[in-house]
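Q: Sharing run_38.txt, compact mmCIF, C-alpha atoms (C1' of nucleotides):
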# COMPACT_ATOMS: atom_id res chain seq x y z
CA MET A 268 -15.00 -19.21 -25.73
CA LYS A 269 -14.00 -15.66 -24.96
CA ALA A 270 -10.37 -16.68 -24.62
CA GLU A 271 -9.61 -15.64 -28.17
CA LYS A 272 -10.59 -12.09 -27.32
CA ASP A 273 -7.49 -11.35 -25.29
CA PRO A 274 -4.54 -11.30 -27.61
CA GLY A 275 -1.50 -13.27 -26.57
CA TRP A 276 -2.34 -13.41 -22.98
CA ALA A 277 -5.00 -16.07 -23.29
CA GLN A 278 -2.56 -18.63 -24.55
CA THR A 279 -0.73 -18.79 -21.26
CA GLU A 280 -3.96 -19.18 -19.37
CA PRO A 281 -5.33 -21.43 -17.57
CA GLN A 282 -2.74 -22.93 -15.32
CA ILE A 283 -3.21 -23.38 -11.63
CA PRO A 284 -6.65 -22.92 -10.15
CA LEU A 285 -6.56 -20.12 -7.62
CA TYR A 286 -8.28 -22.15 -4.96
CA GLU A 287 -5.57 -24.79 -5.13
CA ILE A 288 -2.97 -22.11 -4.67
CA TYR A 289 -4.84 -20.94 -1.61
CA GLN A 290 -4.91 -24.47 -0.22
CA ALA A 291 -1.19 -24.89 -0.83
CA LEU A 292 -0.45 -21.68 1.04
CA ARG A 293 -2.77 -22.57 3.85
CA ARG A 294 -1.17 -25.98 4.24
CA ALA A 295 2.21 -24.28 4.43
CA PHE A 296 1.35 -21.42 6.78
CA GLY A 297 -1.90 -22.41 8.51
CA HIS A 298 -5.04 -20.27 8.78
CA GLN A 299 -3.93 -16.71 9.56
CA HIS A 300 -7.08 -15.38 11.28
CA TRP A 301 -6.68 -11.89 9.89
CA TRP A 302 -6.92 -8.88 10.40
CA PRO A 303 -4.70 -8.69 13.51
CA ALA A 304 -6.97 -6.37 15.50
CA GLU A 305 -9.49 -6.64 18.30
CA THR A 306 -12.23 -4.35 17.05
CA ALA A 307 -13.60 -3.08 13.75
CA GLU A 308 -12.38 0.37 14.68
CA GLU A 309 -8.88 -0.95 15.18
CA VAL A 310 -9.03 -2.58 11.75
CA ILE A 311 -10.02 0.69 10.12
CA VAL A 312 -7.43 2.83 11.85
CA GLY A 313 -4.86 0.13 11.20
CA ALA A 314 -5.69 0.10 7.49
CA VAL A 315 -4.69 3.75 7.27
CA LEU A 316 -1.63 3.49 9.48
CA ALA A 317 -0.36 0.39 7.65
CA GLN A 318 -0.09 2.17 4.30
CA ASN A 319 3.36 1.59 2.85
CA VAL A 320 5.02 0.79 6.16
CA ALA A 321 6.16 -2.37 7.90
CA TRP A 322 3.32 -3.71 10.03
CA GLU A 323 5.47 -3.62 13.15
CA ASN A 324 5.72 0.17 12.87
CA ALA A 325 2.03 0.62 12.18
CA SER A 326 1.38 -1.53 15.21
CA ARG A 327 3.45 0.80 17.38
CA ALA A 328 1.40 3.75 16.24
CA ILE A 329 -1.79 1.89 17.11
CA ARG A 330 -0.45 1.09 20.57
CA ALA A 331 0.36 4.76 21.12
CA LEU A 332 -3.17 5.77 20.18
CA LYS A 333 -4.57 3.08 22.44
CA GLU A 334 -2.55 4.29 25.40
CA LYS A 335 -3.93 7.79 24.94
CA GLN A 336 -7.49 6.41 24.63
CA LEU A 337 -7.60 7.69 21.07
CA LEU A 338 -8.25 4.45 19.24
CA SER A 339 -11.78 5.39 18.36
CA LEU A 340 -13.13 7.50 15.56
CA ALA A 341 -15.23 9.50 18.02
CA ALA A 342 -12.16 10.38 20.06
CA LEU A 343 -10.11 11.15 16.97
CA HIS A 344 -12.87 13.44 15.76
CA GLU A 345 -12.44 15.55 18.90
CA THR A 346 -8.65 15.61 18.66
CA ASP A 347 -6.56 18.02 16.62
CA ALA A 348 -4.39 16.55 13.88
CA THR A 349 -1.38 18.25 15.44
CA VAL A 350 -1.96 16.14 18.55
CA ILE A 351 -2.50 12.90 16.64
CA ALA A 352 0.50 13.24 14.34
CA PRO A 353 3.34 12.87 16.89
CA LEU A 354 1.63 9.82 18.41
CA ILE A 355 1.61 7.93 15.12
CA ARG A 356 5.15 8.92 14.15
CA PRO A 357 6.39 5.33 13.75
CA SER A 358 3.80 4.72 11.04
CA ARG A 359 5.65 7.07 8.63
CA PHE A 360 4.02 9.96 6.71
CA TYR A 361 2.45 10.78 10.05
CA ASN A 362 1.13 14.24 9.16
CA GLN A 363 -0.76 12.91 6.17
CA LYS A 364 -2.02 9.91 8.10
CA ALA A 365 -3.23 12.06 10.99
CA GLN A 366 -5.28 14.07 8.51
CA ARG A 367 -6.56 10.88 6.90
CA LEU A 368 -7.88 9.67 10.23
CA LYS A 369 -9.59 13.02 10.65
CA ASN A 370 -11.13 12.70 7.18
CA LEU A 371 -12.54 9.34 8.13
CA SER A 372 -13.94 10.51 11.46
CA ASP A 373 -15.58 13.42 9.65
CA LEU A 374 -17.29 11.02 7.25
CA LEU A 375 -18.55 8.94 10.15
CA MET A 376 -20.01 11.96 11.90
CA ASP A 377 -21.37 13.77 8.85
CA ARG A 378 -22.85 10.88 6.90
CA PHE A 379 -23.55 8.18 9.49
CA GLN A 380 -24.38 10.13 12.64
CA GLY A 381 -21.29 8.79 14.35
CA SER A 382 -22.53 5.21 14.25
CA LEU A 383 -19.84 2.83 13.08
CA GLU A 384 -22.38 0.02 12.94
CA ALA A 385 -24.54 2.07 10.60
CA MET A 386 -21.57 2.89 8.41
CA LEU A 387 -20.34 -0.69 8.11
CA ALA A 388 -23.85 -1.99 7.48
CA ALA A 389 -24.45 0.47 4.65
CA ASP A 390 -24.99 -0.70 1.10
CA LEU A 391 -21.70 -2.01 -0.27
CA SER A 392 -21.40 0.16 -3.34
CA LEU A 393 -22.53 3.24 -1.42
CA LEU A 394 -20.01 2.61 1.34
CA ARG A 395 -17.23 2.01 -1.15
CA LYS A 396 -18.09 5.25 -2.93
CA GLU A 397 -18.16 7.24 0.30
CA LEU A 398 -14.82 5.87 1.45
CA MET A 399 -13.17 6.32 -1.94
CA ASN A 400 -14.20 9.98 -1.85
CA LEU A 401 -12.03 10.54 1.19
CA SER A 402 -8.60 11.92 0.49
CA GLY A 403 -6.05 9.27 1.42
CA PHE A 404 -8.36 6.31 0.86
CA GLY A 405 -7.57 4.41 -2.31
CA ASN A 406 -8.55 0.98 -3.59
CA GLU A 407 -6.51 -1.16 -1.24
CA THR A 408 -7.26 0.74 1.95
CA VAL A 409 -10.98 0.87 1.20
CA ASP A 410 -11.21 -2.79 0.24
CA SER A 411 -9.32 -3.81 3.37
CA ILE A 412 -11.89 -1.94 5.42
CA LEU A 413 -14.73 -3.56 3.49
CA LEU A 414 -13.26 -7.05 3.82
CA TYR A 415 -12.00 -7.03 7.40
CA ALA A 416 -14.13 -4.42 9.17
CA ALA A 417 -17.40 -4.56 7.24
CA GLN A 418 -17.04 -8.31 6.61
CA LYS A 419 -17.92 -8.07 2.92
CA PRO A 420 -16.48 -10.61 0.47
CA VAL A 421 -14.33 -8.13 -1.45
CA PHE A 422 -10.99 -9.41 -2.71
CA VAL A 423 -8.08 -7.14 -1.75
CA ILE A 424 -5.22 -6.59 -4.19
CA ASP A 425 -1.91 -5.36 -2.84
CA ALA A 426 1.64 -5.06 -4.15
CA TYR A 427 2.44 -8.62 -3.07
CA THR A 428 -0.54 -9.98 -4.97
CA ARG A 429 0.59 -8.29 -8.15
CA ARG A 430 4.21 -9.37 -7.79
CA ILE A 431 3.49 -12.97 -6.92
CA PHE A 432 0.72 -13.67 -9.38
CA SER A 433 2.34 -11.82 -12.25
CA ARG A 434 5.52 -13.81 -11.70
CA LEU A 435 3.40 -16.92 -11.80
CA ALA A 436 2.19 -15.55 -15.16
CA LEU A 437 -1.42 -15.62 -14.03
CA ILE A 438 -1.98 -11.89 -14.42
CA PRO A 439 -0.07 -9.30 -16.47
CA PRO A 440 2.01 -7.00 -14.26
CA ASP A 441 0.39 -3.86 -15.65
CA TRP A 442 -3.27 -4.68 -15.05
CA SER A 443 -5.30 -2.10 -13.18
CA TYR A 444 -6.38 -2.69 -9.61
CA ARG A 445 -9.92 -3.40 -10.74
CA ALA A 446 -8.82 -5.82 -13.45
CA CYS A 447 -6.76 -7.80 -10.96
CA GLN A 448 -9.59 -7.86 -8.47
CA GLN A 449 -12.00 -9.00 -11.16
CA TYR A 450 -9.64 -11.83 -12.08
CA PHE A 451 -9.72 -13.23 -8.56
CA MET A 452 -13.40 -12.64 -7.89
CA ASP A 453 -14.42 -14.24 -11.18
CA ARG A 454 -12.55 -17.39 -10.23
CA LEU A 455 -13.32 -17.75 -6.54
CA PRO A 456 -16.60 -18.21 -4.69
CA ALA A 457 -17.68 -15.07 -2.81
CA ASP A 458 -16.72 -16.52 0.55
CA LEU A 459 -15.76 -14.15 3.34
CA ASP A 460 -13.34 -16.43 5.16
CA LEU A 461 -11.69 -17.44 1.89
CA TYR A 462 -11.13 -13.85 0.81
CA GLN A 463 -9.87 -12.81 4.22
CA ASP A 464 -7.48 -15.69 4.63
CA PHE A 465 -6.28 -15.78 1.02
CA HIS A 466 -5.13 -12.17 1.27
CA ALA A 467 -3.51 -12.94 4.61
CA GLN A 468 -1.68 -15.90 3.05
CA ILE A 469 -0.45 -13.72 0.20
CA VAL A 470 0.97 -11.17 2.62
CA CYS A 471 2.47 -13.98 4.67
CA LEU A 472 4.21 -15.35 1.60
CA GLY A 473 5.06 -11.96 0.18
CA SER A 474 6.66 -10.71 3.35
CA ARG A 475 9.16 -13.54 3.31
CA ILE A 476 10.15 -13.26 -0.34
CA CYS A 477 10.11 -10.34 -2.75
CA LYS A 478 13.57 -9.16 -1.78
CA LYS A 479 16.08 -9.06 -4.60
CA LYS A 480 18.00 -11.80 -2.86
CA ASN A 481 15.00 -14.09 -2.78
CA PRO A 482 13.61 -14.15 -6.31
CA LEU A 483 10.49 -16.10 -5.49
CA CYS A 484 12.02 -19.54 -5.12
CA SER A 485 13.90 -21.47 -2.44
CA TYR A 486 11.78 -21.42 0.67
CA CYS A 487 8.59 -20.73 -1.18
CA PRO A 488 6.40 -23.81 -0.87
CA LEU A 489 3.98 -22.42 -3.40
CA ILE A 490 6.51 -22.32 -6.19
CA ARG A 491 7.75 -25.79 -5.43
CA TRP A 492 4.20 -26.98 -5.56
CA CYS A 493 3.63 -25.20 -8.87
CA LYS A 494 6.76 -26.56 -10.48
CA LYS A 495 5.97 -30.18 -9.87
CA LYS A 496 2.66 -29.86 -11.69
C1' DA B 18 25.54 3.93 3.64
C1' DC B 19 22.31 1.74 1.57
C1' DC B 20 17.38 -0.84 0.83
C1' DC B 21 12.64 -1.28 1.55
C1' DA B 22 8.01 -1.85 3.83
C1' DG B 23 0.48 -4.68 3.62
C1' DG B 24 -0.28 3.38 -0.51
C1' DG B 25 -2.10 7.41 -2.24
C1' DC B 26 -1.97 11.91 -4.37
C1' DG B 27 -0.50 15.67 -7.21
C1' DT B 28 2.27 17.05 -11.08
C1' DT B 29 4.38 16.32 -15.31
C1' DG B 30 5.23 14.96 -20.46
C1' DC C 209 -2.69 7.80 -18.90
C1' DA C 210 2.22 6.48 -17.55
C1' DA C 211 6.00 7.92 -14.90
C1' DC C 212 7.68 10.04 -11.21
C1' DG C 213 8.29 12.89 -6.87
C1' DC C 214 6.48 13.49 -2.40
C1' DC C 215 5.29 12.10 2.31
C1' DA C 216 9.61 11.34 5.80
C1' DT C 217 10.18 6.11 10.30
C1' DG C 218 12.70 2.19 11.67
C1' DG C 219 14.82 -2.36 10.99
C1' DG C 220 17.99 -5.22 8.34
Go ahead and render the structure in this file as structure tokens.
A:
Amino acid sequence: MKAEKDPGWAQTEPQIPLYEIYQALRRAFGHQHWWPAETAEEVIVGAVLAQNVAWENASRAIRALKEKQLLSLAALHETDATVIAPLIRPSRFYNQKAQRLKNLSDLLMDRFQGSLEAMLAADLSLLRKELMNLSGFGNETVDSILLYAAQKPVFVIDAYTRRIFSRLALIPPDWSYRACQQYFMDRLPADLDLYQDFHAQIVCLGSRICKKKNPLCSYCPLIRWCKKK
DNA sequence: ACCCAGGGCGTTG
DNA sequence: CAACGCCATGGG
């Protein structure tokens, strides 16, 4: 048993199997069918625009791009950042995000001959490395692209995941992104639909708690379910 | 007038 | 390497 390797922490382990938590959430909220986008390109652009902003505002920015026929990496590549920025204003940090979209379109052109299919079909670790090299693309944004655009079973960790699962005492609050991701992937089968919907369920739950006023209780079916075990 | 949202980066000590 | 400031909108 390797449990005795981790000091202190191991004693509070194992509690609720992750898959049962997923099922409880899914029973409560239903299958979410994420990511809310029509095309892979829309997923990718959305992943950038959704950084640290309410989805509703990111969605407005996407609509604005769509209306100007700019919701494609090829079109964005031909458009100046000073033109893109005002369109995506509702998504917050719009100057940075305009540049980030340019960075991504440059990668697509320079390394994948402008073929999105080629990029998304690339070797997983290569693609991850290429995306992570882009300024403005960190762990969560890249993994969201891998999971929802490239359809790779990569588990996404976001702020909600950390908050919820550390409050459930399943992971320490200060674990690195990679450590958290490893925790989930070690305990769940590498199933695309499971990874996609589990993350969606977490966001669904997280977006209706996590305020100071709602300290992860009351209308949280997951916690009720956990407590009666 | 607050608070915060599906991050990421650069700069400090 | 942790902690923090920065980016800089819109809804509750």
Q: What's the 12 Å shell around Leu461 in chain A, counting all atoms listed in the file, without same-chain residues fewer than 2 positions away, as a compact mmCIF listing (two decimals) with C-alpha atoms, keeping the file's coordinate frame?
A:
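And here is the file that came out, selection_9.txt:
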# COMPACT_ATOMS: atom_id res chain seq x y z
CA LEU A 285 -6.56 -20.12 -7.62
CA TYR A 286 -8.28 -22.15 -4.96
CA GLU A 287 -5.57 -24.79 -5.13
CA ILE A 288 -2.97 -22.11 -4.67
CA TYR A 289 -4.84 -20.94 -1.61
CA GLN A 290 -4.91 -24.47 -0.22
CA ARG A 293 -2.77 -22.57 3.85
CA HIS A 298 -5.04 -20.27 8.78
CA GLN A 299 -3.93 -16.71 9.56
CA HIS A 300 -7.08 -15.38 11.28
CA TRP A 301 -6.68 -11.89 9.89
CA LEU A 414 -13.26 -7.05 3.82
CA TYR A 415 -12.00 -7.03 7.40
CA GLN A 418 -17.04 -8.31 6.61
CA LYS A 419 -17.92 -8.07 2.92
CA PRO A 420 -16.48 -10.61 0.47
CA VAL A 421 -14.33 -8.13 -1.45
CA PHE A 422 -10.99 -9.41 -2.71
CA VAL A 423 -8.08 -7.14 -1.75
CA PHE A 451 -9.72 -13.23 -8.56
CA MET A 452 -13.40 -12.64 -7.89
CA LEU A 455 -13.32 -17.75 -6.54
CA PRO A 456 -16.60 -18.21 -4.69
CA ALA A 457 -17.68 -15.07 -2.81
CA ASP A 458 -16.72 -16.52 0.55
CA LEU A 459 -15.76 -14.15 3.34
CA GLN A 463 -9.87 -12.81 4.22
CA ASP A 464 -7.48 -15.69 4.63
CA PHE A 465 -6.28 -15.78 1.02
CA HIS A 466 -5.13 -12.17 1.27
CA ALA A 467 -3.51 -12.94 4.61
CA GLN A 468 -1.68 -15.90 3.05
CA ILE A 469 -0.45 -13.72 0.20
Q: What does the distance between C1' of DC209 in chain C and CA of Thr428 in chain A come to in Å, to one decimal place?
A: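 Result for C1' of DC209 in chain C versus CA of Thr428 in chain A: 22.7 Å, one decimal.
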Q: Pick the closest to DG27 in chain B from A:Asn324, A:Ser402, A:Gln448, A:Thr306: which is it, counting only C-alpha atoms (C1' of nucleotides)?
A: A:Ser402
Q: At a cut-off of 9 Å, list the chain A residues touching chain C, using all atoms listed in the file, as a PyMOL selection string.
A: chain A and resi 320-321+324+356-363
Q: Restricting the calculation to all atoms listed in the file, which member of A:Ala328, A:Leu437, A:Val315, A:Leu338 is positioned closest to chain B?
A: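 Answer, going by the shortest atom-to-atom distance: A:Val315.
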Q: Using only C-alpha atoms (C1' of nucleotides), what does the table of chain A residues within 10 Å of chain B look like, with each row giving the shortest atom pair and its distance in Å to one decimal, sorted by chain and ascending number, as JSON lines?
A:
{"residue": "A:Ala314", "atom": "CA", "partner": "B:DG23", "partner_atom": "C1'", "distance": 8.7}
{"residue": "A:Val315", "atom": "CA", "partner": "B:DG24", "partner_atom": "C1'", "distance": 9.0}
{"residue": "A:Ala317", "atom": "CA", "partner": "B:DG23", "partner_atom": "C1'", "distance": 6.5}
{"residue": "A:Gln318", "atom": "CA", "partner": "B:DG24", "partner_atom": "C1'", "distance": 5.0}
{"residue": "A:Asn319", "atom": "CA", "partner": "B:DG24", "partner_atom": "C1'", "distance": 5.3}
{"residue": "A:Val320", "atom": "CA", "partner": "B:DA22", "partner_atom": "C1'", "distance": 4.6}
{"residue": "A:Ala321", "atom": "CA", "partner": "B:DA22", "partner_atom": "C1'", "distance": 4.5}
{"residue": "A:Trp322", "atom": "CA", "partner": "B:DG23", "partner_atom": "C1'", "distance": 7.1}
{"residue": "A:Glu323", "atom": "CA", "partner": "B:DA22", "partner_atom": "C1'", "distance": 9.8}
{"residue": "A:Asn324", "atom": "CA", "partner": "B:DA22", "partner_atom": "C1'", "distance": 9.5}
{"residue": "A:Ser402", "atom": "CA", "partner": "B:DC26", "partner_atom": "C1'", "distance": 8.2}
{"residue": "A:Gly403", "atom": "CA", "partner": "B:DG25", "partner_atom": "C1'", "distance": 5.7}
{"residue": "A:Phe404", "atom": "CA", "partner": "B:DG25", "partner_atom": "C1'", "distance": 7.1}
{"residue": "A:Gly405", "atom": "CA", "partner": "B:DG25", "partner_atom": "C1'", "distance": 6.2}
{"residue": "A:Asn406", "atom": "CA", "partner": "B:DG24", "partner_atom": "C1'", "distance": 9.1}
{"residue": "A:Glu407", "atom": "CA", "partner": "B:DG24", "partner_atom": "C1'", "distance": 7.7}
{"residue": "A:Thr408", "atom": "CA", "partner": "B:DG24", "partner_atom": "C1'", "distance": 7.9}
{"residue": "A:Ser411", "atom": "CA", "partner": "B:DG23", "partner_atom": "C1'", "distance": 9.8}
{"residue": "A:Ile424", "atom": "CA", "partner": "B:DG23", "partner_atom": "C1'", "distance": 9.9}
{"residue": "A:Asp425", "atom": "CA", "partner": "B:DG23", "partner_atom": "C1'", "distance": 6.9}
{"residue": "A:Ala426", "atom": "CA", "partner": "B:DG23", "partner_atom": "C1'", "distance": 7.9}
{"residue": "A:Tyr427", "atom": "CA", "partner": "B:DG23", "partner_atom": "C1'", "distance": 8.0}
{"residue": "A:His466", "atom": "CA", "partner": "B:DG23", "partner_atom": "C1'", "distance": 9.6}
{"residue": "A:Ala467", "atom": "CA", "partner": "B:DG23", "partner_atom": "C1'", "distance": 9.2}
{"residue": "A:Ile469", "atom": "CA", "partner": "B:DG23", "partner_atom": "C1'", "distance": 9.7}
{"residue": "A:Val470", "atom": "CA", "partner": "B:DG23", "partner_atom": "C1'", "distance": 6.6}
{"residue": "A:Cys471", "atom": "CA", "partner": "B:DG23", "partner_atom": "C1'", "distance": 9.6}
{"residue": "A:Gly473", "atom": "CA", "partner": "B:DG23", "partner_atom": "C1'", "distance": 9.3}
{"residue": "A:Ser474", "atom": "CA", "partner": "B:DG23", "partner_atom": "C1'", "distance": 8.6}
{"residue": "A:Lys478", "atom": "CA", "partner": "B:DC21", "partner_atom": "C1'", "distance": 8.6}
{"residue": "A:Lys479", "atom": "CA", "partner": "B:DC20", "partner_atom": "C1'", "distance": 9.9}
Q: As lines of an AutoDock Vina configuration file, what would the box around chain B look like: edges along x, y and z, 5 Å added on every side, centre and edge lengths in Å to one decimal?
A:
center_x = 11.7
center_y = 6.2
center_z = -8.3
size_x = 37.6
size_y = 31.7
size_z = 34.3
Q: Report the distance between CA of Tyr462 in chain A and CA of Gln449 in chain A in Å, rounded to one decimal place.
A: 12.9 Å
Q: What is the distance, in Å and to one decimal place, between CA of Ala416 in chain A and CA of Asp441 in chain A?
A: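 A separation of 28.8 Å between them.
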Q: Skip Leu375 in chain A itself and residues of its chain fewer than 5 positions away, then list as a compact mmCIF listing (two decimals) with C-alpha atoms, in the coordinates of the input all residues within 8 Å of it, counting all atoms listed in the file.
A:
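part-v7.txt, written as the output of this step:
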# COMPACT_ATOMS: atom_id res chain seq x y z
CA LEU A 340 -13.13 7.50 15.56
CA GLN A 380 -24.38 10.13 12.64
CA GLY A 381 -21.29 8.79 14.35
CA SER A 382 -22.53 5.21 14.25
CA LEU A 383 -19.84 2.83 13.08
CA MET A 386 -21.57 2.89 8.41
